[in-house]
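Q: My file is my_file.cif. It has mmCIF, C-alpha atoms and all ligand atoms:
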data_input
#
loop_
_atom_site.label_atom_id
_atom_site.label_comp_id
_atom_site.auth_asym_id
_atom_site.auth_seq_id
_atom_site.Cartn_x
_atom_site.Cartn_y
_atom_site.Cartn_z
CA MET A 227 -2.52 -36.89 66.58
CA THR A 228 1.18 -36.69 67.39
CA THR A 229 1.70 -36.57 71.16
CA PRO A 230 4.71 -34.87 72.85
CA ARG A 231 5.98 -38.37 73.66
CA ASP A 232 5.71 -39.34 69.94
CA THR A 233 7.80 -36.30 69.03
CA LEU A 234 10.51 -37.27 71.52
CA GLN A 235 10.39 -40.89 70.42
CA GLN A 236 10.82 -39.89 66.79
CA MET A 237 13.81 -37.69 67.65
CA ALA A 238 15.36 -40.41 69.79
CA THR A 239 15.19 -43.14 67.15
CA GLY A 240 16.02 -41.05 64.09
CA TYR A 241 19.63 -42.20 64.10
CA VAL A 242 18.70 -45.89 63.76
CA GLU A 243 17.28 -45.70 60.26
CA ALA A 244 19.83 -43.06 59.28
CA LYS A 245 22.72 -45.33 60.25
CA ILE A 246 21.26 -48.31 58.39
CA LEU A 247 21.21 -46.24 55.21
CA LEU A 248 24.64 -44.67 55.80
CA SER A 249 26.36 -47.98 56.56
CA ALA A 250 24.87 -49.58 53.45
CA ALA A 251 26.18 -46.67 51.36
CA GLU A 252 29.61 -46.85 53.02
CA LEU A 253 29.78 -50.60 52.28
CA ARG A 254 28.73 -49.81 48.68
CA ILE A 255 25.89 -52.29 48.96
CA PHE A 256 23.68 -50.30 46.58
CA ASP A 257 26.41 -50.47 43.92
CA LEU A 258 26.61 -54.25 44.35
CA LEU A 259 22.85 -54.60 43.97
CA ALA A 260 22.56 -52.31 40.94
CA GLY A 261 20.74 -53.90 38.00
CA GLU A 262 20.27 -57.61 38.66
CA GLY A 263 20.49 -57.59 42.45
CA ALA A 264 22.22 -60.27 44.53
CA ARG A 265 21.77 -62.77 47.36
CA ALA A 266 22.93 -61.97 50.89
CA SER A 267 25.74 -64.54 50.64
CA ALA A 268 27.16 -62.84 47.51
CA VAL A 269 26.92 -59.39 49.09
CA ALA A 270 28.57 -60.68 52.28
CA ARG A 271 31.49 -62.07 50.24
CA ARG A 272 32.00 -58.80 48.34
CA ILE A 273 31.90 -56.52 51.39
CA GLY A 274 33.84 -58.86 53.68
CA GLY A 275 30.79 -59.11 55.93
CA THR A 276 29.35 -61.96 57.98
CA GLN A 277 26.29 -63.74 56.63
CA ARG A 278 24.34 -62.76 59.76
CA GLY A 279 25.29 -59.09 59.70
CA THR A 280 24.74 -58.67 55.98
CA GLU A 281 21.38 -60.42 55.99
CA ILE A 282 20.07 -58.42 58.95
CA LEU A 283 21.09 -55.13 57.32
CA LEU A 284 19.60 -56.09 53.93
CA ASP A 285 16.32 -57.19 55.50
CA ALA A 286 16.05 -53.90 57.41
CA LEU A 287 16.52 -52.02 54.13
CA VAL A 288 13.72 -54.10 52.63
CA ALA A 289 11.50 -53.32 55.63
CA ALA A 290 12.32 -49.63 55.16
CA GLU A 291 11.22 -50.03 51.52
CA ILE A 292 14.58 -49.00 50.06
CA LEU A 293 15.27 -52.51 48.68
CA ASP A 294 13.02 -55.25 47.31
CA LYS A 295 13.52 -58.94 48.15
CA GLN A 296 12.22 -61.80 46.04
CA ASP A 297 13.21 -65.46 46.35
CA GLY A 298 16.23 -64.46 48.43
CA VAL A 299 17.48 -61.92 45.86
CA TYR A 300 17.81 -58.31 47.01
CA ARG A 301 17.44 -55.43 44.54
CA ASN A 302 17.50 -51.65 44.78
CA ARG A 303 14.01 -50.21 44.43
CA PRO A 304 13.97 -48.58 40.98
CA GLU A 305 12.88 -45.17 42.33
CA TYR A 306 15.91 -45.02 44.65
CA GLU A 307 18.61 -46.71 42.58
CA GLU A 308 19.77 -43.61 40.67
CA HIS A 309 20.33 -41.76 43.98
CA LEU A 310 22.02 -44.59 45.84
CA VAL A 311 24.58 -45.87 43.33
CA SER A 312 27.94 -44.11 43.01
CA ASP A 313 29.10 -41.96 40.11
CA THR A 314 25.77 -40.42 39.21
CA GLY A 315 25.39 -36.72 38.45
CA ASP A 316 23.77 -35.75 41.74
CA HIS A 317 26.46 -37.47 43.89
CA PHE A 318 23.95 -38.41 46.57
CA ALA A 319 25.90 -41.58 47.40
CA SER A 320 28.96 -39.43 48.17
CA MET A 321 26.81 -37.36 50.48
CA LEU A 322 25.74 -40.50 52.34
CA ARG A 323 29.34 -41.67 52.74
CA HIS A 324 30.34 -38.19 53.91
CA ARG A 325 27.54 -38.20 56.49
CA ASN A 326 28.62 -41.64 57.66
CA ARG A 327 32.07 -40.22 58.48
CA LEU A 328 30.51 -37.31 60.36
CA PHE A 329 28.44 -39.79 62.36
CA ARG A 330 31.60 -41.08 64.08
CA ARG A 331 32.09 -37.77 65.82
CA TRP A 332 28.41 -37.21 66.49
CA ALA A 333 28.58 -40.39 68.59
CA PHE A 334 30.88 -38.51 71.00
CA LEU A 335 28.86 -35.33 71.33
CA GLU A 336 28.81 -35.35 75.15
CA GLU A 337 32.63 -35.60 75.29
CA ILE A 338 32.90 -32.76 72.76
CA ILE A 339 30.52 -30.60 74.78
CA ARG A 340 32.73 -31.25 77.83
CA GLY A 341 35.72 -30.12 75.75
CA GLU A 342 37.27 -33.62 75.67
CA GLU A 343 38.76 -35.16 72.54
CA PRO A 344 36.88 -38.33 71.46
CA GLN A 345 38.67 -41.61 71.04
CA GLU A 346 40.89 -42.46 68.10
CA GLY A 347 39.10 -42.93 64.80
CA ALA A 348 36.77 -40.02 65.52
CA SER A 349 39.12 -37.15 64.74
CA HIS A 350 38.05 -33.69 63.60
CA PHE A 351 36.86 -33.49 60.05
CA SER A 352 39.74 -32.00 58.17
CA PRO A 353 38.99 -31.02 54.56
CA GLY A 354 41.73 -31.46 52.04
CA THR A 355 43.67 -34.19 53.86
CA ASP A 356 42.39 -37.71 53.10
CA ARG A 357 41.75 -38.12 49.34
CA THR A 358 38.77 -40.51 49.55
CA ALA A 359 37.04 -38.60 52.34
CA ASN A 360 37.67 -35.29 50.61
CA THR A 361 36.26 -36.52 47.29
CA ASP A 362 33.06 -37.67 49.02
CA PHE A 363 32.87 -34.36 50.90
CA ILE A 364 33.28 -32.21 47.80
CA GLN A 365 30.91 -34.29 45.68
CA ALA A 366 28.44 -34.17 48.58
CA MET A 367 28.40 -30.39 48.17
CA VAL A 368 27.11 -30.82 44.62
CA SER A 369 24.36 -33.07 45.94
CA ALA A 370 23.50 -30.76 48.82
CA SER A 371 23.34 -27.48 46.97
CA GLY A 372 24.17 -27.79 43.27
CA GLY A 373 20.50 -27.42 42.32
CA ARG A 374 20.19 -24.21 44.34
CA ALA A 375 23.07 -22.40 42.65
CA PRO A 376 21.00 -20.59 39.95
CA GLN A 377 18.58 -19.16 42.52
CA ILE A 378 21.36 -18.00 44.86
CA ILE A 379 23.65 -16.51 42.23
CA ALA A 380 20.69 -14.68 40.64
CA GLU A 381 20.46 -12.64 43.88
CA ILE A 382 23.94 -11.16 43.35
CA ASP A 383 24.41 -8.05 41.24
CA LEU A 384 27.16 -8.79 38.70
CA ASP A 385 27.12 -5.39 37.03
CA GLY A 386 30.68 -4.25 36.37
CA VAL A 387 32.22 -7.45 37.75
CA LYS A 388 35.20 -8.49 35.63
CA THR A 389 37.22 -10.60 38.06
CA LEU A 390 35.51 -12.96 40.46
CA ALA A 391 36.90 -15.59 42.81
CA ASP A 392 34.96 -18.31 44.59
CA LEU A 393 37.00 -18.88 47.76
CA GLY A 394 36.67 -22.37 49.19
CA GLY A 395 34.59 -22.93 46.07
CA GLY A 396 34.69 -26.73 46.41
CA PRO A 397 33.21 -28.49 43.38
CA GLY A 398 32.85 -25.19 41.51
CA HIS A 399 29.08 -25.40 41.08
CA TYR A 400 28.56 -21.79 42.16
CA LEU A 401 31.41 -20.49 40.03
CA ALA A 402 30.06 -22.42 37.01
CA GLU A 403 26.72 -20.70 37.60
CA PHE A 404 28.39 -17.26 37.81
CA LEU A 405 30.01 -18.02 34.45
CA ARG A 406 26.68 -19.10 33.01
CA GLN A 407 25.03 -15.85 34.11
CA ALA A 408 28.02 -13.63 33.16
CA PRO A 409 30.14 -15.51 30.59
CA GLU A 410 32.68 -12.71 30.18
CA ILE A 411 34.02 -12.67 33.76
CA GLU A 412 37.49 -13.97 34.66
CA ALA A 413 36.62 -16.73 37.10
CA TYR A 414 38.96 -18.09 39.80
CA LEU A 415 38.25 -21.17 41.86
CA CYS A 416 40.40 -21.04 45.01
CA ASP A 417 40.59 -24.02 47.33
CA LEU A 418 42.92 -26.67 48.79
CA PRO A 419 44.85 -28.78 46.24
CA LEU A 420 42.91 -32.03 46.78
CA THR A 421 39.62 -30.20 46.34
CA LEU A 422 40.83 -28.56 43.13
CA GLU A 423 41.60 -32.06 41.78
CA VAL A 424 37.95 -33.04 42.34
CA ALA A 425 36.68 -29.81 40.79
CA ARG A 426 38.90 -30.22 37.70
CA GLU A 427 37.55 -33.72 37.21
CA LEU A 428 33.95 -32.52 37.53
CA HIS A 429 34.51 -29.67 35.07
CA GLN A 430 36.40 -31.48 32.31
CA ASP A 431 33.70 -30.54 29.82
CA THR A 432 32.27 -27.31 31.17
CA ALA A 433 32.96 -23.62 30.55
CA LEU A 434 34.60 -23.44 33.97
CA GLY A 435 36.96 -26.27 33.03
CA ALA A 436 37.76 -24.61 29.71
CA ARG A 437 38.34 -21.05 30.81
CA GLY A 438 38.31 -20.88 34.61
CA HIS A 439 41.46 -20.58 36.72
CA PHE A 440 42.06 -23.17 39.43
CA VAL A 441 44.17 -21.61 42.18
CA ALA A 442 45.51 -23.45 45.24
CA TRP A 443 45.17 -21.25 48.31
CA ASP A 444 44.95 -22.34 51.93
CA LEU A 445 42.71 -19.47 52.97
CA TYR A 446 43.41 -19.80 56.68
CA GLN A 447 47.17 -20.15 56.44
CA GLY A 448 48.60 -17.65 54.06
CA GLN A 449 48.34 -14.55 51.93
CA ALA A 450 46.49 -14.74 48.63
CA PRO A 451 48.69 -16.14 45.84
CA ALA A 452 50.47 -13.42 43.91
CA ASP A 453 48.94 -14.56 40.60
CA LEU A 454 45.40 -13.84 41.83
CA PRO A 455 44.46 -10.42 40.40
CA PRO A 456 42.55 -7.73 42.35
CA LEU A 457 38.98 -8.98 42.66
CA ASP A 458 35.75 -7.15 41.89
CA LEU A 459 33.90 -9.84 43.77
CA ALA A 460 34.97 -12.57 46.19
CA PHE A 461 32.26 -15.14 46.89
CA ILE A 462 32.70 -17.33 49.99
CA SER A 463 30.05 -19.99 50.40
CA GLN A 464 29.69 -22.24 53.43
CA VAL A 465 33.31 -21.95 54.52
CA LEU A 466 33.42 -19.47 57.41
CA HIS A 467 31.08 -21.54 59.63
CA GLY A 468 33.90 -24.09 59.91
CA GLU A 469 36.31 -21.69 61.62
CA SER A 470 36.54 -19.56 64.76
CA PRO A 471 35.67 -15.84 64.92
CA GLU A 472 39.39 -15.02 65.25
CA ALA A 473 40.36 -17.06 62.17
CA ASN A 474 37.53 -15.49 60.12
CA GLN A 475 38.46 -12.00 61.22
CA ALA A 476 42.07 -12.66 60.17
CA LEU A 477 40.95 -14.06 56.80
CA LEU A 478 38.81 -11.01 56.01
CA THR A 479 41.69 -8.74 57.01
CA ARG A 480 44.07 -10.55 54.63
CA LEU A 481 41.42 -10.57 51.93
CA PHE A 482 40.85 -6.81 52.10
CA GLU A 483 44.04 -6.11 50.11
CA LYS A 484 42.92 -8.48 47.33
CA ILE A 485 39.58 -6.74 46.77
CA ALA A 486 39.65 -3.94 44.19
CA PRO A 487 38.47 -0.53 45.49
CA GLY A 488 34.67 -0.54 45.15
CA GLY A 489 34.71 -4.35 45.03
CA ARG A 490 32.66 -6.67 47.23
CA VAL A 491 32.83 -9.78 49.37
CA VAL A 492 29.65 -11.85 49.31
CA ILE A 493 29.38 -14.47 52.04
CA HIS A 494 26.78 -17.20 51.49
CA GLU A 495 26.05 -18.92 54.79
CA ASN A 496 23.69 -20.59 57.22
CA VAL A 497 23.28 -17.29 59.07
CA ILE A 498 21.58 -17.55 62.45
CA ASP A 499 19.26 -14.91 63.92
CA PRO A 500 20.52 -12.87 66.90
CA SER A 501 18.35 -15.08 69.18
CA ARG A 502 20.57 -18.01 68.04
CA ILE A 503 17.53 -20.31 67.96
CA SER A 504 16.31 -19.78 64.43
CA PRO A 505 16.13 -20.68 61.65
CA ARG A 506 15.83 -24.19 63.10
CA TRP A 507 18.39 -25.60 60.64
CA ALA A 508 20.98 -22.94 61.52
CA ALA A 509 20.73 -23.89 65.21
CA ILE A 510 21.00 -27.61 64.44
CA PHE A 511 23.80 -27.12 61.93
CA ALA A 512 25.77 -25.29 64.65
CA VAL A 513 25.92 -28.62 66.50
CA ASN A 514 27.36 -30.25 63.39
CA MET A 515 30.12 -27.65 63.39
CA LEU A 516 30.64 -28.11 67.13
CA ALA A 517 31.10 -31.82 66.53
CA MET A 518 33.31 -31.54 63.44
CA THR A 519 35.50 -28.49 63.88
CA ARG A 520 37.72 -26.86 66.48
CA GLY A 521 36.14 -23.42 66.37
CA GLY A 522 33.18 -23.36 63.97
CA ARG A 523 29.48 -22.63 64.56
CA THR A 524 26.75 -20.64 62.83
CA TYR A 525 27.20 -16.87 63.04
CA THR A 526 24.86 -13.87 62.93
CA GLU A 527 24.93 -11.24 60.21
CA ALA A 528 26.15 -8.75 62.85
CA GLU A 529 29.18 -10.97 63.53
CA TYR A 530 30.11 -11.12 59.84
CA HIS A 531 29.61 -7.35 59.61
CA ALA A 532 31.82 -6.72 62.66
CA TRP A 533 34.70 -8.81 61.25
CA GLY A 534 34.28 -7.09 57.88
CA ALA A 535 34.22 -3.60 59.39
CA ALA A 536 37.34 -4.35 61.45
CA ALA A 537 39.06 -5.42 58.21
CA GLY A 538 38.13 -2.11 56.52
CA PHE A 539 34.97 -3.12 54.60
CA VAL A 540 31.67 -1.26 54.71
CA PRO A 541 28.86 -3.68 55.70
CA ARG A 542 25.75 -3.57 53.51
CA PRO A 543 22.34 -5.08 54.37
CA GLY A 544 22.14 -8.78 53.52
CA LYS A 545 19.43 -10.96 51.99
CA ARG A 546 17.80 -14.02 53.51
CA ILE A 547 16.99 -16.47 50.73
CA ASP A 548 15.51 -19.24 52.90
CA GLY A 549 16.13 -21.16 56.13
CA ARG A 550 19.51 -22.39 54.90
CA SER A 551 20.78 -19.54 52.78
CA PHE A 552 21.67 -15.94 53.56
CA LEU A 553 23.88 -13.54 51.64
CA VAL A 554 26.10 -11.17 53.65
CA PHE A 555 27.53 -8.18 51.77
CA LEU A 556 30.77 -6.32 52.51
CA GLU A 557 32.10 -3.57 50.27
CA ARG A 558 35.60 -2.17 49.99
CA PRO A 559 35.34 1.66 49.85
CA LEU A 560 36.59 3.34 46.68
CA ARG A 561 39.33 4.89 48.80
C1 LIG A 601 31.35 -26.88 53.03
S1 LIG A 601 32.42 -26.81 51.65
C2 LIG A 601 31.64 -25.54 50.68
C3 LIG A 601 31.95 -25.68 49.22
C4 LIG A 601 31.23 -24.64 48.34
N1 LIG A 601 31.75 -23.31 48.59
C5 LIG A 601 29.75 -24.71 48.57
O1 LIG A 601 29.18 -23.77 49.13
O2 LIG A 601 29.14 -25.74 48.20
C6 LIG A 601 33.84 -25.97 52.30
C7 LIG A 601 34.91 -25.74 51.28
O3 LIG A 601 35.97 -25.00 51.88
C8 LIG A 601 37.20 -25.55 51.47
N2 LIG A 601 38.18 -25.25 52.51
C9 LIG A 601 38.18 -25.65 53.80
N3 LIG A 601 39.26 -25.18 54.43
C10 LIG A 601 39.96 -24.45 53.52
C11 LIG A 601 41.17 -23.72 53.56
N4 LIG A 601 41.90 -23.66 54.68
N5 LIG A 601 41.59 -23.11 52.44
C12 LIG A 601 40.87 -23.20 51.28
N6 LIG A 601 39.71 -23.86 51.19
C13 LIG A 601 39.26 -24.49 52.29
C14 LIG A 601 36.91 -27.04 51.33
O4 LIG A 601 37.89 -27.70 50.54
C15 LIG A 601 35.53 -26.99 50.71
O5 LIG A 601 35.62 -26.86 49.32
#
Can you dump the structure from the file as structure tokens?

A:
Amino acid sequence: MTTPRDTLQQMATGYVEAKILLSAAELRIFDLLAGEGARASAVARRIGGTQRGTEILLDALVAAEILDKQDGVYRNRPEYEEHLVSDTGDHFASMLRHRNRLFRRWAFLEEIIRGEEPQEGASHFSPGTDRTANTDFIQAMVSASGGRAPQIIAEIDLDGVKTLADLGGGPGHYLAEFLRQAPEIEAYLCDLPLTLEVARELHQDTALGARGHFVAWDLYQGQAPADLPPLDLAFISQVLHGESPEANQALLTRLFEKIAPGGRVVIHENVIDPSRISPRWAAIFAVNMLAMTRGGRTYTEAEYHAWGAAAGFVPRPGKRIDGRSFLVFLERPLR
């Protein structure tokens, strides 16, 4: 039986094993061990590590049953290797490296709660600035939610939709799914330039790459680019939680003019209940946004509706898909 103390103990030590895994991914140790494996001395040389540090980390990964060790040679366990090495389709290794960067700010959570800025090297996460960090971030999105795209997009009525933009669409996995379900739509992926580079690379051989439009637009800075046509549907997934209520209100107000009369904005988010304590993940994810951003958190459906209504949209009832996914609907009146 798990006692209350066990529960607290488990929560308190969770970061230890997490950080062992994240540091190994950051140091690309799983890439070095792929296939034949290697001795600690060889790994230490390649990562610029000490013999002591490298060996202790590798042994802990063996104890955690992520690696095997035989006659001093460390190998990835076959069942984990495809997830831990870089450049695989599910981009899980990118997700681990992304999480490792987030960890730096999590370490200063008390300072952040007091409104103080943590020490250097633990700056806000700023998408679209550092190329390596941004590539990991955007590929991590594929790993986190790429597999869920068909289920989520199937919940959206695409009847009569001819022009559709995925705003802050990241790797383009949702837009690719829209195109799969409605191949005739004109599809626009709007995001920051560095993110579009990653998306183009990922979609070299897909329908989105062949016939989608990749449009640079800093959503929170300026008006929509003139070459973006009036939209029947604007999809915004997991973007608004990173910004303040004021910034989101301003974005929806600017967006209103870009939506065709009768068109819709669909916001896919970690929506939190009015109690602000459930779903569990929405409450925990709010702390992630507190740690990483200047004004973000998880919002209620009523908050999204209020910003939309103030911008001129008519709020429509949303759909909860599961503990992590909720669709908020806003409609531009016909006139
Ligand atoms: C958490 S990711 C979500 C990606 C994708 N929509 C999804 O749901 O998987 C946030 C996305 O918003 C984009 N983004 C952040 N700030 C932005 C801005 N000011 N203008 C345009 N895109 C932005 C990021 O580049 C990233 O693609």

Q: Which neighbours of segment 470-474 of chain A fall inside 6 Å, counting all atoms listed in the file, when residues of the same chain fewer than 3 positions from it are skipped, and could you give them as a list in words?

A: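 Near segment 470-474 of chain A, the qualifying residues are Leu477, Gly521 and Gly522 of chain A.
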
Q: Next, the residues of the selection above should be written as a compact mmCIF listing (two decimals), keeping the file's coordinate frame with C-alpha atoms.

A:
# COMPACT_ATOMS: atom_id res chain seq x y z
CA LEU A 477 40.95 -14.06 56.80
CA GLY A 521 36.14 -23.42 66.37
CA GLY A 522 33.18 -23.36 63.97

Q: Around ligand LIG 601 (chain A), which protein and nucleic acid residues have at least one atom no more than 7 Å from it, if we count all atoms listed in the file? List them as JSON, numbers by chain.

A: {"A": [353, 354, 364, 367, 368, 371, 393, 394, 395, 396, 397, 416, 417, 418, 421, 443, 444, 445, 446, 447, 462, 463, 464, 465]}

Q: Name the residues within 12 Å of (31.2, -40.5, 69.5), counting all atoms listed in the file in the file's coordinates, and put them as number ranges by chain.

A: A: 327-339, 342-350, 517-518

Q: Can those selected residues be exported to a file as a PDB file, keeping the file's coordinate frame so that it contains C-alpha atoms?

A:
ATOM      1  CA  ARG A 327      32.070 -40.220  58.480  1.00  0.00           C
ATOM      2  CA  LEU A 328      30.510 -37.310  60.360  1.00  0.00           C
ATOM      3  CA  PHE A 329      28.440 -39.790  62.360  1.00  0.00           C
ATOM      4  CA  ARG A 330      31.600 -41.080  64.080  1.00  0.00           C
ATOM      5  CA  ARG A 331      32.090 -37.770  65.820  1.00  0.00           C
ATOM      6  CA  TRP A 332      28.410 -37.210  66.490  1.00  0.00           C
ATOM      7  CA  ALA A 333      28.580 -40.390  68.590  1.00  0.00           C
ATOM      8  CA  PHE A 334      30.880 -38.510  71.000  1.00  0.00           C
ATOM      9  CA  LEU A 335      28.860 -35.330  71.330  1.00  0.00           C
ATOM     10  CA  GLU A 336      28.810 -35.350  75.150  1.00  0.00           C
ATOM     11  CA  GLU A 337      32.630 -35.600  75.290  1.00  0.00           C
ATOM     12  CA  ILE A 338      32.900 -32.760  72.760  1.00  0.00           C
ATOM     13  CA  ILE A 339      30.520 -30.600  74.780  1.00  0.00           C
ATOM     14  CA  GLU A 342      37.270 -33.620  75.670  1.00  0.00           C
ATOM     15  CA  GLU A 343      38.760 -35.160  72.540  1.00  0.00           C
ATOM     16  CA  PRO A 344      36.880 -38.330  71.460  1.00  0.00           C
ATOM     17  CA  GLN A 345      38.670 -41.610  71.040  1.00  0.00           C
ATOM     18  CA  GLU A 346      40.890 -42.460  68.100  1.00  0.00           C
ATOM     19  CA  GLY A 347      39.100 -42.930  64.800  1.00  0.00           C
ATOM     20  CA  ALA A 348      36.770 -40.020  65.520  1.00  0.00           C
ATOM     21  CA  SER A 349      39.120 -37.150  64.740  1.00  0.00           C
ATOM     22  CA  HIS A 350      38.050 -33.690  63.600  1.00  0.00           C
ATOM     23  CA  ALA A 517      31.100 -31.820  66.530  1.00  0.00           C
ATOM     24  CA  MET A 518      33.310 -31.540  63.440  1.00  0.00           C
TER      25      MET A 518
END

Q: Calculated over only C-alpha atoms, which of the candidates A:Ala286, A:Ala380, A:Leu428, A:Ala268 has the smallest distance to Arg406 of chain A?

A: A:Ala380

Q: Show me a table, sorted first by chain and then by increasing residue number, of the residues of segment 307-425 of chain A having an atom at most 8 Å from segment 455-458 of chain A, each with its shortest atom pair and the distance in Å to one decimal, counting only C-alpha atoms and written as a Markdown table.

A:
| residue | atom | partner | partner_atom | distance |
| --- | --- | --- | --- | --- |
| A:Val387 | CA | A:Asp458 | CA | 5.4 |
| A:Lys388 | CA | A:Asp458 | CA | 6.4 |
| A:Thr389 | CA | A:Leu457 | CA | 5.2 |
| A:Leu390 | CA | A:Leu457 | CA | 5.7 |
| A:Ala391 | CA | A:Leu457 | CA | 6.9 |

Q: Residues near Gly544 of chain A, anyone? I mean within 10 Å using all atoms listed in the file, not counting same-chain ones fewer than 2 positions away, as a PyMOL selection string.

A: chain A and resi 492-494+527+531+541-542+546-547+552-556

Q: Closest to Leu384 of chain A among A:Arg272, A:Arg490, A:Arg254, A:Arg550, using only C-alpha atoms?

A: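 Closest to Leu384 of chain A, using only C-alpha atoms: A:Arg490.
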
Q: Report, in Å to a single decimal, how far apart atom CA of Gly398 of chain A and atom CA of Ala433 of chain A are.

A: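 Atom CA of Ala433 of chain A sits 11.1 Å away from atom CA of Gly398 of chain A.
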